[in-house]
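Trainee: Have a peek at query21.cif (mmCIF, C-alpha atoms and all ligand atoms).
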```cif
data_final
loop_
_atom_site.group_PDB
_atom_site.id
_atom_site.type_symbol
_atom_site.label_atom_id
_atom_site.label_comp_id
_atom_site.auth_asym_id
_atom_site.auth_seq_id
_atom_site.Cartn_x
_atom_site.Cartn_y
_atom_site.Cartn_z
ATOM 1 C CA MET A 1 -141.878 -93.938 60.081
ATOM 2 C CA SER A 2 -144.623 -93.927 62.657
ATOM 3 C CA GLU A 3 -148.286 -92.929 62.589
ATOM 4 C CA LEU A 4 -151.700 -93.768 64.017
ATOM 5 C CA ARG A 5 -154.256 -95.437 61.749
ATOM 6 C CA TRP A 6 -157.854 -95.621 62.936
ATOM 7 C CA HIS A 7 -159.454 -99.080 62.898
ATOM 8 C CA PRO A 8 -163.045 -98.138 62.022
ATOM 9 C CA LEU A 9 -164.469 -101.568 62.924
ATOM 10 C CA LEU A 10 -162.947 -101.777 66.390
ATOM 11 C CA GLU A 11 -162.856 -97.999 66.879
ATOM 12 C CA GLU A 12 -159.287 -98.033 68.095
ATOM 13 C CA TRP A 13 -155.886 -96.802 66.945
ATOM 14 C CA VAL A 14 -153.257 -99.010 65.343
ATOM 15 C CA VAL A 15 -149.675 -97.698 65.518
ATOM 16 C CA THR A 16 -147.388 -98.255 62.561
ATOM 17 C CA ALA A 17 -143.712 -98.174 63.531
ATOM 18 C CA THR A 18 -141.738 -99.487 60.576
ATOM 19 C CA HIS A 19 -138.356 -98.297 61.903
ATOM 20 C CA ARG A 20 -138.699 -100.796 64.762
ATOM 21 C CA GLN A 21 -137.823 -103.592 62.333
ATOM 22 C CA GLU A 22 -134.175 -102.484 62.648
ATOM 23 C CA ARG A 23 -134.011 -102.606 66.444
ATOM 24 C CA THR A 24 -131.318 -104.603 68.204
ATOM 25 C CA TYR A 25 -132.329 -108.254 68.262
ATOM 26 C CA LYS A 26 -130.867 -110.623 70.872
ATOM 27 C CA PRO A 27 -127.270 -109.308 70.917
ATOM 28 C CA PRO A 28 -124.538 -111.462 72.552
ATOM 29 C CA ASP A 29 -124.220 -110.852 76.334
ATOM 30 C CA ASP A 30 -120.991 -108.838 76.013
ATOM 31 C CA TYR A 31 -122.634 -106.477 73.497
ATOM 32 C CA CYS A 32 -125.640 -105.643 75.626
ATOM 33 C CA PRO A 33 -126.776 -102.063 74.854
ATOM 34 C CA LEU A 34 -128.385 -101.850 78.327
ATOM 35 C CA CYS A 35 -125.260 -102.584 80.393
ATOM 36 C CA ALA A 36 -123.225 -99.629 81.683
ATOM 37 C CA THR A 37 -120.483 -98.490 79.301
ATOM 38 C CA ARG A 38 -117.226 -100.175 80.359
ATOM 39 C CA PRO A 39 -114.056 -98.061 80.347
ATOM 40 C CA GLY A 40 -112.588 -98.508 76.875
ATOM 41 C CA GLY A 41 -115.594 -100.613 75.850
ATOM 42 C CA PHE A 42 -118.191 -99.903 73.158
ATOM 43 C CA PRO A 43 -120.665 -97.117 73.990
ATOM 44 C CA THR A 44 -123.933 -98.545 75.338
ATOM 45 C CA GLU A 45 -127.222 -96.708 75.935
ATOM 46 C CA VAL A 46 -125.916 -95.805 79.400
ATOM 47 C CA PRO A 47 -122.876 -93.503 79.200
ATOM 48 C CA ALA A 48 -121.897 -94.132 82.829
ATOM 49 C CA GLU A 49 -119.708 -96.710 84.532
ATOM 50 C CA ASN A 50 -122.438 -97.780 86.898
ATOM 51 C CA TYR A 51 -126.040 -97.031 87.817
ATOM 52 C CA GLU A 52 -128.805 -98.049 90.231
ATOM 53 C CA ILE A 53 -131.866 -97.683 88.011
ATOM 54 C CA VAL A 54 -132.052 -95.686 84.773
ATOM 55 C CA ALA A 55 -134.934 -94.494 82.638
ATOM 56 C CA PHE A 56 -134.218 -93.120 79.168
ATOM 57 C CA GLU A 57 -135.933 -92.624 75.843
ATOM 58 C CA ASN A 58 -136.364 -95.734 73.712
ATOM 59 C CA LYS A 59 -134.122 -95.599 70.637
ATOM 60 C CA PHE A 60 -136.815 -97.315 68.576
ATOM 61 C CA PRO A 61 -139.971 -95.632 69.837
ATOM 62 C CA SER A 62 -143.526 -96.274 68.714
ATOM 63 C CA PHE A 63 -144.437 -92.714 69.769
ATOM 64 C CA LYS A 64 -142.345 -89.547 69.536
ATOM 65 C CA LEU A 65 -142.451 -85.857 70.445
ATOM 66 C CA PRO A 66 -142.621 -83.995 68.198
ATOM 67 C CA PRO A 67 -144.145 -86.808 66.125
ATOM 68 C CA PRO A 68 -142.925 -87.580 62.612
ATOM 69 C CA GLU A 69 -145.161 -86.666 59.664
ATOM 70 C CA PRO A 70 -147.458 -89.605 58.789
ATOM 71 C CA GLU A 71 -146.368 -91.565 55.681
ATOM 72 C CA VAL A 72 -149.837 -91.420 54.145
ATOM 73 C CA ASN A 73 -152.706 -88.959 54.017
ATOM 74 C CA GLY A 74 -155.866 -89.983 55.796
ATOM 75 C CA ASP A 75 -159.500 -89.205 54.987
ATOM 76 C CA SER A 76 -162.774 -89.426 56.884
ATOM 77 C CA LEU A 77 -162.962 -93.223 56.564
ATOM 78 C CA PHE A 78 -159.272 -94.061 56.833
ATOM 79 C CA ARG A 79 -158.244 -91.616 59.538
ATOM 80 C CA VAL A 80 -154.550 -90.954 60.182
ATOM 81 C CA ALA A 81 -152.987 -89.062 63.093
ATOM 82 C CA PRO A 82 -149.404 -88.345 64.164
ATOM 83 C CA ALA A 83 -147.957 -90.801 66.708
ATOM 84 C CA ALA A 84 -147.335 -88.116 69.325
ATOM 85 C CA GLY A 85 -146.062 -89.611 72.552
ATOM 86 C CA LEU A 86 -142.988 -90.895 74.315
ATOM 87 C CA CYS A 87 -141.450 -94.309 74.922
ATOM 88 C CA GLU A 88 -138.973 -94.989 77.685
ATOM 89 C CA VAL A 89 -136.902 -97.941 78.818
ATOM 90 C CA VAL A 90 -136.375 -98.550 82.543
ATOM 91 C CA LEU A 91 -133.314 -100.576 83.556
ATOM 92 C CA TYR A 92 -133.967 -102.413 86.811
ATOM 93 C CA SER A 93 -130.333 -103.138 87.620
ATOM 94 C CA PRO A 94 -126.794 -102.707 86.235
ATOM 95 C CA GLU A 95 -126.432 -106.508 86.571
ATOM 96 C CA HIS A 96 -126.925 -108.092 83.146
ATOM 97 C CA HIS A 97 -127.876 -111.555 84.381
ATOM 98 C CA GLY A 98 -130.915 -111.689 86.585
ATOM 99 C CA THR A 99 -134.523 -110.588 86.689
ATOM 100 C CA LEU A 100 -136.746 -108.375 88.789
ATOM 101 C CA ALA A 101 -137.396 -111.403 91.033
ATOM 102 C CA ASP A 102 -133.685 -111.384 91.987
ATOM 103 C CA GLU A 103 -133.698 -107.761 93.124
ATOM 104 C CA SER A 104 -133.891 -106.850 96.807
ATOM 105 C CA ILE A 105 -137.093 -105.358 98.176
ATOM 106 C CA THR A 106 -135.143 -102.103 98.648
ATOM 107 C CA GLN A 107 -134.183 -102.065 94.964
ATOM 108 C CA ILE A 108 -137.789 -102.811 93.916
ATOM 109 C CA GLU A 109 -138.906 -99.997 96.212
ATOM 110 C CA ARG A 110 -136.481 -97.675 94.358
ATOM 111 C CA LEU A 111 -138.048 -98.877 91.124
ATOM 112 C CA VAL A 112 -141.548 -98.063 92.452
ATOM 113 C CA ARG A 113 -140.299 -94.507 93.075
ATOM 114 C CA VAL A 114 -138.838 -94.292 89.564
ATOM 115 C CA TRP A 115 -142.167 -95.489 88.103
ATOM 116 C CA ARG A 116 -143.963 -92.915 90.212
ATOM 117 C CA ASP A 117 -141.613 -90.161 89.063
ATOM 118 C CA ARG A 118 -141.975 -91.134 85.379
ATOM 119 C CA PHE A 119 -145.781 -91.336 85.721
ATOM 120 C CA GLU A 120 -145.838 -87.843 87.183
ATOM 121 C CA SER A 121 -143.367 -86.319 84.751
ATOM 122 C CA LEU A 122 -144.701 -87.897 81.528
ATOM 123 C CA GLY A 123 -148.316 -87.512 82.631
ATOM 124 C CA SER A 124 -147.866 -83.783 83.241
ATOM 125 C CA ARG A 125 -147.144 -83.154 79.544
ATOM 126 C CA PRO A 126 -150.183 -81.781 77.693
ATOM 127 C CA GLU A 127 -149.708 -84.226 74.769
ATOM 128 C CA ILE A 128 -149.930 -87.265 77.053
ATOM 129 C CA SER A 129 -153.276 -88.790 78.031
ATOM 130 C CA TYR A 130 -152.049 -92.074 79.465
ATOM 131 C CA VAL A 131 -148.807 -93.355 81.009
ATOM 132 C CA PHE A 132 -148.535 -97.101 80.549
ATOM 133 C CA ILE A 133 -145.878 -98.904 82.609
ATOM 134 C CA PHE A 134 -145.192 -102.514 81.661
ATOM 135 C CA GLU A 135 -142.662 -105.316 81.390
ATOM 136 C CA ASN A 136 -142.339 -108.120 78.891
ATOM 137 C CA LYS A 137 -140.266 -110.933 80.342
ATOM 138 C CA GLY A 138 -138.946 -114.071 78.669
ATOM 139 C CA ASP A 139 -138.163 -115.414 75.213
ATOM 140 C CA VAL A 140 -141.681 -116.790 74.724
ATOM 141 C CA ILE A 141 -143.027 -113.230 75.074
ATOM 142 C CA GLY A 142 -140.661 -112.115 72.305
ATOM 143 C CA VAL A 143 -138.221 -110.116 74.424
ATOM 144 C CA THR A 144 -135.262 -108.986 72.301
ATOM 145 C CA LEU A 145 -132.897 -107.804 75.067
ATOM 146 C CA ALA A 146 -132.040 -110.085 77.995
ATOM 147 C CA HIS A 147 -130.974 -107.304 80.388
ATOM 148 C CA PRO A 148 -133.645 -106.859 83.120
ATOM 149 C CA HIS A 149 -135.771 -103.927 82.048
ATOM 150 C CA GLY A 150 -139.285 -102.651 81.664
ATOM 151 C CA GLN A 151 -140.877 -100.036 79.458
ATOM 152 C CA ILE A 152 -143.128 -97.009 79.630
ATOM 153 C CA TYR A 153 -145.364 -95.864 76.791
ATOM 154 C CA ALA A 154 -146.768 -92.363 77.161
ATOM 155 C CA PHE A 155 -149.872 -92.463 74.939
ATOM 156 C CA PRO A 156 -151.584 -89.541 73.220
ATOM 157 C CA PHE A 157 -154.903 -91.343 73.902
ATOM 158 C CA VAL A 158 -156.366 -93.673 76.544
ATOM 159 C CA PRO A 159 -155.699 -97.214 75.282
ATOM 160 C CA PRO A 160 -158.785 -99.429 74.710
ATOM 161 C CA ILE A 161 -158.388 -101.934 77.561
ATOM 162 C CA VAL A 162 -158.071 -99.136 80.101
ATOM 163 C CA GLU A 163 -160.980 -97.353 78.435
ATOM 164 C CA ARG A 164 -163.139 -100.455 78.914
ATOM 165 C CA GLU A 165 -162.122 -100.741 82.569
ATOM 166 C CA LEU A 166 -162.908 -97.043 83.064
ATOM 167 C CA ARG A 167 -166.341 -97.492 81.509
ATOM 168 C CA ALA A 168 -167.037 -100.518 83.715
ATOM 169 C CA SER A 169 -165.924 -98.792 86.920
ATOM 170 C CA HIS A 170 -167.860 -95.651 85.999
ATOM 171 C CA ASN A 171 -171.037 -97.661 85.331
ATOM 172 C CA HIS A 172 -170.622 -99.604 88.582
ATOM 173 C CA PHE A 173 -170.168 -96.369 90.492
ATOM 174 C CA VAL A 174 -173.293 -94.847 88.950
ATOM 175 C CA ARG A 175 -175.342 -97.959 89.763
ATOM 176 C CA HIS A 176 -174.046 -98.794 93.238
ATOM 177 C CA ALA A 177 -172.233 -95.667 94.451
ATOM 178 C CA ARG A 178 -169.250 -97.890 95.192
ATOM 179 C CA CYS A 179 -165.935 -98.631 93.495
ATOM 180 C CA LEU A 180 -166.013 -101.753 91.323
ATOM 181 C CA PHE A 181 -162.450 -102.654 92.313
ATOM 182 C CA CYS A 182 -163.085 -102.133 96.030
ATOM 183 C CA ASP A 183 -166.045 -104.498 95.671
ATOM 184 C CA ILE A 184 -163.819 -107.069 93.927
ATOM 185 C CA VAL A 185 -161.209 -106.756 96.696
ATOM 186 C CA THR A 186 -163.870 -107.243 99.386
ATOM 187 C CA GLN A 187 -165.360 -110.272 97.642
ATOM 188 C CA GLU A 188 -161.944 -111.896 96.995
ATOM 189 C CA ARG A 189 -160.937 -111.378 100.640
ATOM 190 C CA THR A 190 -164.221 -112.802 101.917
ATOM 191 C CA ASP A 191 -164.019 -115.828 99.626
ATOM 192 C CA GLY A 192 -160.290 -116.392 100.076
ATOM 193 C CA ARG A 193 -159.899 -119.289 97.634
ATOM 194 C CA ARG A 194 -158.190 -117.186 94.967
ATOM 195 C CA ILE A 195 -155.802 -115.247 97.217
ATOM 196 C CA VAL A 196 -152.121 -115.766 96.350
ATOM 197 C CA CYS A 197 -150.663 -113.514 99.050
ATOM 198 C CA ALA A 198 -151.395 -110.219 100.762
ATOM 199 C CA ASN A 199 -150.034 -107.553 103.081
ATOM 200 C CA ASP A 200 -151.572 -104.560 104.839
ATOM 201 C CA SER A 201 -151.786 -102.500 101.646
ATOM 202 C CA PHE A 202 -152.058 -104.938 98.736
ATOM 203 C CA LEU A 203 -153.915 -108.093 97.779
ATOM 204 C CA ALA A 204 -152.673 -110.532 95.088
ATOM 205 C CA VAL A 205 -155.251 -112.899 93.615
ATOM 206 C CA VAL A 206 -155.828 -115.089 90.610
ATOM 207 C CA PRO A 207 -159.032 -113.172 89.883
ATOM 208 C CA PHE A 208 -162.379 -114.957 89.559
ATOM 209 C CA TYR A 209 -162.408 -113.885 85.892
ATOM 210 C CA ALA A 210 -158.790 -114.901 85.084
ATOM 211 C CA ARG A 211 -158.166 -115.347 81.351
ATOM 212 C CA TYR A 212 -154.744 -116.981 81.792
ATOM 213 C CA PRO A 213 -154.077 -119.987 84.071
ATOM 214 C CA TYR A 214 -151.561 -118.150 86.271
ATOM 215 C CA GLU A 215 -152.881 -114.628 85.834
ATOM 216 C CA VAL A 216 -152.358 -112.568 88.987
ATOM 217 C CA HIS A 217 -153.819 -109.163 89.790
ATOM 218 C CA ILE A 218 -152.410 -107.070 92.613
ATOM 219 C CA PHE A 219 -154.940 -104.565 93.961
ATOM 220 C CA ALA A 220 -154.281 -101.659 96.283
ATOM 221 C CA ILE A 221 -156.509 -102.327 99.290
ATOM 222 C CA ARG A 222 -157.062 -98.619 99.827
ATOM 223 C CA HIS A 223 -159.106 -96.838 97.146
ATOM 224 C CA LEU A 224 -156.519 -94.928 95.089
ATOM 225 C CA GLN A 225 -155.940 -94.221 91.411
ATOM 226 C CA ALA A 226 -152.213 -94.032 90.752
ATOM 227 C CA LEU A 227 -148.682 -94.557 92.048
ATOM 228 C CA THR A 228 -148.606 -90.883 93.003
ATOM 229 C CA ASP A 229 -151.317 -91.571 95.622
ATOM 230 C CA LEU A 230 -149.164 -94.115 97.497
ATOM 231 C CA THR A 231 -147.753 -93.292 100.925
ATOM 232 C CA ARG A 232 -144.118 -94.208 101.631
ATOM 233 C CA ALA A 233 -145.303 -97.298 103.556
ATOM 234 C CA GLU A 234 -147.491 -98.327 100.598
ATOM 235 C CA GLU A 235 -144.553 -97.978 98.200
ATOM 236 C CA ARG A 236 -142.633 -100.421 100.393
ATOM 237 C CA ALA A 237 -145.666 -102.741 100.599
ATOM 238 C CA LEU A 238 -145.996 -102.728 96.800
ATOM 239 C CA ALA A 239 -142.300 -103.657 96.476
ATOM 240 C CA GLU A 240 -142.809 -106.473 98.991
ATOM 241 C CA ILE A 241 -145.826 -107.990 97.299
ATOM 242 C CA LEU A 242 -144.233 -107.693 93.837
ATOM 243 C CA LYS A 243 -141.176 -109.544 95.140
ATOM 244 C CA THR A 244 -143.317 -112.303 96.693
ATOM 245 C CA VAL A 245 -145.414 -112.803 93.546
ATOM 246 C CA LEU A 246 -142.312 -112.857 91.309
ATOM 247 C CA VAL A 247 -140.479 -115.357 93.524
ATOM 248 C CA LYS A 248 -143.572 -117.570 93.744
ATOM 249 C CA TYR A 249 -143.775 -117.523 89.937
ATOM 250 C CA ASP A 250 -140.146 -118.667 89.687
ATOM 251 C CA ASN A 251 -140.648 -121.381 92.305
ATOM 252 C CA LEU A 252 -143.864 -122.649 90.712
ATOM 253 C CA PHE A 253 -142.146 -124.795 88.077
ATOM 254 C CA GLY A 254 -138.526 -124.205 89.109
ATOM 255 C CA PHE A 255 -137.546 -121.870 86.274
ATOM 256 C CA SER A 256 -137.574 -118.141 85.644
ATOM 257 C CA PHE A 257 -141.247 -117.556 84.809
ATOM 258 C CA PRO A 258 -142.076 -115.446 81.723
ATOM 259 C CA TYR A 259 -144.864 -112.906 81.984
ATOM 260 C CA ILE A 260 -146.363 -109.664 80.779
ATOM 261 C CA MET A 261 -146.745 -107.231 83.673
ATOM 262 C CA VAL A 262 -148.935 -104.148 83.227
ATOM 263 C CA MET A 263 -149.880 -101.332 85.537
ATOM 264 C CA HIS A 264 -153.373 -99.864 85.294
ATOM 265 C CA GLN A 265 -153.603 -96.334 86.642
ATOM 266 C CA ARG A 266 -155.901 -93.382 85.974
ATOM 267 C CA PRO A 267 -155.363 -91.470 82.712
ATOM 268 C CA THR A 268 -153.415 -88.197 82.837
ATOM 269 C CA ASP A 269 -155.704 -86.212 80.540
ATOM 270 C CA GLY A 270 -156.969 -83.982 83.326
ATOM 271 C CA GLU A 271 -160.414 -85.601 83.653
ATOM 272 C CA ASP A 272 -161.725 -86.887 86.978
ATOM 273 C CA TYR A 273 -161.286 -90.651 87.455
ATOM 274 C CA GLY A 274 -162.115 -90.900 91.150
ATOM 275 C CA HIS A 275 -164.103 -94.082 90.450
ATOM 276 C CA TYR A 276 -161.020 -95.925 89.139
ATOM 277 C CA HIS A 277 -158.608 -98.023 91.206
ATOM 278 C CA PHE A 278 -154.870 -98.740 90.846
ATOM 279 C CA HIS A 279 -153.810 -102.339 90.187
ATOM 280 C CA VAL A 280 -151.054 -104.402 88.567
ATOM 281 C CA GLU A 281 -151.825 -107.326 86.247
ATOM 282 C CA PHE A 282 -149.584 -110.256 85.368
ATOM 283 C CA CYS A 283 -150.386 -112.351 82.305
ATOM 284 C CA PRO A 284 -147.980 -115.299 82.108
ATOM 285 C CA PRO A 285 -148.164 -117.421 78.937
ATOM 286 C CA HIS A 286 -147.450 -120.803 80.595
ATOM 287 C CA ARG A 287 -150.405 -123.101 81.252
ATOM 288 C CA THR A 288 -148.144 -125.927 82.485
ATOM 289 C CA ALA A 289 -144.368 -126.187 82.971
ATOM 290 C CA THR A 290 -143.953 -127.175 79.323
ATOM 291 C CA LYS A 291 -147.069 -125.854 77.579
ATOM 292 C CA ILE A 292 -147.790 -122.324 76.436
ATOM 293 C CA LYS A 293 -151.199 -120.777 76.076
ATOM 294 C CA TYR A 294 -151.263 -119.219 72.611
ATOM 295 C CA LEU A 295 -153.811 -116.580 71.782
ATOM 296 C CA ALA A 296 -155.476 -118.384 68.901
ATOM 297 C CA GLY A 297 -158.727 -118.112 66.939
ATOM 298 C CA CYS A 298 -161.128 -117.661 69.796
ATOM 299 C CA GLU A 299 -158.977 -115.110 71.660
ATOM 300 C CA SER A 300 -157.503 -113.223 68.679
ATOM 301 C CA GLY A 301 -160.445 -113.500 66.313
ATOM 302 C CA ALA A 302 -163.419 -113.334 68.658
ATOM 303 C CA GLY A 303 -161.962 -111.676 71.727
ATOM 304 C CA THR A 304 -163.101 -114.475 74.029
ATOM 305 C CA TYR A 305 -160.555 -116.213 76.235
ATOM 306 C CA ILE A 306 -160.672 -119.910 76.971
ATOM 307 C CA ASN A 307 -158.936 -120.716 80.242
ATOM 308 C CA ASP A 308 -158.067 -124.416 80.634
ATOM 309 C CA THR A 309 -157.821 -124.129 84.413
ATOM 310 C CA LEU A 310 -159.829 -122.924 87.396
ATOM 311 C CA ALA A 311 -158.624 -119.787 89.166
ATOM 312 C CA GLU A 312 -159.315 -121.483 92.538
ATOM 313 C CA GLU A 313 -156.864 -124.298 91.689
ATOM 314 C CA THR A 314 -154.054 -122.256 90.161
ATOM 315 C CA ALA A 315 -154.308 -119.778 93.072
ATOM 316 C CA SER A 316 -153.808 -122.624 95.521
ATOM 317 C CA GLU A 317 -150.715 -123.785 93.550
ATOM 318 C CA LEU A 318 -149.289 -120.257 93.688
ATOM 319 C CA ARG A 319 -150.183 -119.925 97.355
ATOM 320 C CA ALA A 320 -148.229 -123.141 98.047
ATOM 321 C CA ALA A 321 -145.201 -122.049 95.982
ATOM 322 C CA LYS A 322 -142.404 -120.609 98.125
ATOM 323 C CA GLY A 323 -142.456 -116.807 98.288
ATOM 324 C CA GLU A 324 -138.806 -116.585 99.274
ATOM 325 C CA LYS A 325 -135.691 -117.596 97.349
HETATM 326 ZN ZN ZN B 401 -126.840 -105.989 79.926
HETATM 327 ZN ZN ZN B 402 -161.634 -98.675 94.831
HETATM 328 ZN ZN ZN B 403 -156.770 -103.707 84.740
#
```
How does this structure look as structure tokens?
Ligand SMILES: [Zn+2]
Ligand SMILES: [Zn+2]
Ligand SMILES: [Zn+2]
Mentor:
Amino acid sequence: MSELRWHPLLEEWVVTATHRQERTYKPPDDYCPLCATRPGGFPTEVPAENYEIVAFENKFPSFKLPPPEPEVNGDSLFRVAPAAGLCEVVLYSPEHHGTLADESITQIERLVRVWRDRFESLGSRPEISYVFIFENKGDVIGVTLAHPHGQIYAFPFVPPIVERELRASHNHFVRHARCLFCDIVTQERTDGRRIVCANDSFLAVVPFYARYPYEVHIFAIRHLQALTDLTRAEERALAEILKTVLVKYDNLFGFSFPYIMVMHQRPTDGEDYGHYHFHVEFCPPHRTATKIKYLAGCESGAGTYINDTLAEETASELRAAKGEK
């Protein structure tokens, strides 16, 4: 059903998850499996009449504990490993219609605490090396359930993009005795042209090296590695800046803006990652109101992104977009 296959050319794992082909695909609104179960109604994933925020195990997981037996036997060239891990769904609101951008700052702050709790709880399991919190939003991203929700993948390994960032921040630390991310934050604040918005604890920029036209990275201003390092005031500040960025996205072209949101935190494999730095990345697929940036030959086949815009210009558009509904 599910296994890890080693890609010997890229030196990374590929997860097979054939059972996911059967997962619920765009059900009608009144058959949403993520709404609360109505009295006398069909049983949804949430056996309660109401909820604030819920996290539960994904019914169609890519990783499982204990993991299923791999379908095939591996060998030294074609390595196979069990897909040991956990996948969770996080429901942002009992309200079926709406998005994270519609939630109050208080509700987003609750969500930050849920993320923090899940990071801590999943990350404390010995099988888990990395807790990956993310959201896919919008039809163009391929979202199959409309109800506002995000996901958490608890990986049995450190995924390759994070591994590359860790290598880069480690190398920078060895060379300069400073945090790479702190240096980026300082340089973006000094320059100012790519800042989207900021508060006392977080800075949102279209980074100098943006791969997508409206890519936004939110950096903690203080040097910290994970949600569990945030103070109460920083949790609130994260909720505030998330809300502002999300509302700006929606006001940019006047429609609910699709995106991929990912959180990059330290791994939970017990090693020391003091050189790393917590941040949130948004990769929206739109390059204009009507055009989508597809990952085509150059991106998918060569790994090099072509960005049709300048970060300085798209940042100024986002800065001008209203940050309140
Ligand atoms: Zn729903
Ligand atoms: Zn730092
Ligand atoms: Zn990152």
Trainee: What's the 12 Å shell around Thr231 (chain A), counting all atoms listed in the file, without same-chain residues fewer than 5 positions away, as a ChimeraX atom specification?
Mentor: /A:112-113,116,201,220,222,224,226,236-238
Trainee: Got a sec: who's within 7 Å of Phe132 (chain A), counting only C-alpha atoms, leaving out chain neighbours fewer than 3 positions off, as a PyMOL selection string?
Mentor: chain A and resi 152-154+263
Trainee: Have a look at A:Tyr51, A:Phe219, A:Trp115, A:Phe78 and name the one nearest to Val90 (chain A); count all atoms listed in the file.
Mentor: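 Of A:Tyr51, A:Phe219, A:Trp115, A:Phe78, the one nearest Val90 (chain A) is A:Trp115, counting all atoms listed in the file.
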Trainee: What residues have an atom no more than 10 Å from (-157.0, -122.1, 95.5) in the file's own frame, counting all atoms listed in the file, and can you write them as a list in words?
Mentor: Gly192, Arg193, Arg194, Ile195, Val196, Val205, Val206, Leu310, Ala311, Glu312, Glu313, Thr314, Ala315, Ser316, Glu317, Leu318, Arg319 and Ala320 of chain A
Trainee: Figure out the distance between CA of Phe253 (chain A) and CA of Leu145 (chain A), please, to one decimal in Å.
Mentor: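 Calculated distance between CA of Leu145 (chain A) and CA of Phe253 (chain A) is 23.3 Å.
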Trainee: Mind giving me the axis-aligned box for region 236-239 of chain A with 8 Å on every side, centre plus edges in Å to one decimal, as AutoDock Vina command-line options?
Mentor:
```
--center_x -144.1 --center_y -102.0 --center_z 98.5 --size_x 19.7 --size_y 19.2 --size_z 20.1
```
Trainee: Have a look at A:Arg38, A:Arg5, A:Arg211, A:His279 and name the one nearest to ligand ZN 401 (chain B); count all atoms listed in the file.
Mentor: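 Once distances to ligand ZN 401 (chain B) are computed over all atoms listed in the file, the minimum belongs to A:Arg38.
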Trainee: How would you write, as a list of chain:residue names, the set of residues no farther than 10 Å from ligand ZN 402 (chain B) when counting all atoms listed in the file?
Mentor: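 Using all atoms listed in the file, everything at most 10 Å from ligand ZN 402 (chain B) comes to A:Ser169, A:Phe173, A:Arg178, A:Cys179, A:Leu180, A:Phe181, A:Cys182, A:Asp183, A:Ile184, A:Val185, A:Thr186, A:Phe219, A:Ala220, A:Ile221, A:Arg222, A:His223, A:Leu224, A:Gln225, A:Gly274, A:His275, A:Tyr276, A:His277, A:Phe278, A:His279.
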Trainee: Could you please extract the residues within 7 Å of ligand ZN 403 (chain B), counting all atoms listed in the file, and hand them back as a PyMOL selection string?
Mentor: chain A and resi 162+165+264+279-281
Trainee: Within 10 Å of ligand ZN 401 (chain B), which residues show up when you count all atoms listed in the file? List them as a list in words, please.
Mentor: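 The neighbouring residues of ligand ZN 401 (chain B) are, in order, Pro27, Pro28, Asp29, Asp30, Tyr31, Cys32, Pro33, Leu34, Cys35, Ala36, Thr37, Thr44, Leu91, Ser93, Pro94, Glu95, His96, His97, Gly98, Leu145, Ala146, His147, Pro148 and His149 of chain A.
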Trainee: Which residue is closest to Glu271 (chain A)? Choose from A:Asp308, A:Leu166, A:Lys325, A:Tyr294 and count all atoms listed in the file.
Mentor: A:Leu166
Trainee: Skipping near chain neighbours, those fewer than 2 positions away, what residues fall within 9 Å of Val247 (chain A) using all atoms listed in the file, listed as a list in words?
Mentor: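 Once the adjacent positions are removed, what remains is Ala101, Asp102, Leu242, Lys243, Thr244, Val245, Tyr249, Asp250, Asn251, Leu252, Ser256, Ala321, Lys322, Gly323, Glu324 and Lys325 of chain A.
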Trainee: Given the file above and the PyMOL selection byres (((chain A and resi 52-60) around 8) and not hetatm), which residues are selected, and can you give them as a list in words?
Mentor: His19, Arg20, Arg23, Asn50, Tyr51, Pro61, Ser62, Leu86, Cys87, Glu88, Val89, Val90, Leu91, Tyr92, Ser93, Pro94, Arg110, Leu111 and Val114 of chain A
Trainee: What is the distance between CA of Pro67 (chain A) and CA of Gly85 (chain A), in Å to one decimal?
Mentor: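 Taking CA of Pro67 (chain A) as the start and CA of Gly85 (chain A) as the end point, the length is 7.3 Å.
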Trainee: If we count all atoms listed in the file and set the cut-off at 12 Å, which residues sit around Gly142 (chain A), ignoring sequence neighbours fewer than 4 positions away in its own chain? Please answer as number ranges by chain.
Mentor: A: 25-26, 135-138, 146, 258-260, 285
Trainee: A:Glu12, A:Met1, A:Gly74, A:Ala239: which is nearest Arg164 (chain A), counting all atoms listed in the file?
Mentor: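 The shortest atom-to-atom distance to Arg164 (chain A) comes from A:Glu12.
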Trainee: At what distance in Å, to one decimal, does CA of Gly150 (chain A) lie from CA of Asp117 (chain A)?
Mentor: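 Pair CA of Asp117 (chain A) / CA of Gly150 (chain A) returns 14.7 Å.
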Trainee: Mind telling me what the PyMOL selection byres (((chain A and resi 7) around 12) and not hetatm) catches here, as a list in words?
Mentor: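 After applying the PyMOL selection byres (((chain A and resi 7) around 12) and not hetatm), what remains is Leu4, Arg5, Trp6, Pro8, Leu9, Leu10, Glu11, Glu12, Trp13, Val14, Val15, Ser76, Leu77, Phe78, Arg79, Val80, Ala81 and Pro160 of chain A.
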Trainee: How would you write as number ranges by chain the residues that get within 8 Å of (-152.6, -120.2, 78.2) in the file's frame, counting all atoms listed in the file?
Mentor: A: 212-213, 284-287, 291-295, 307-308
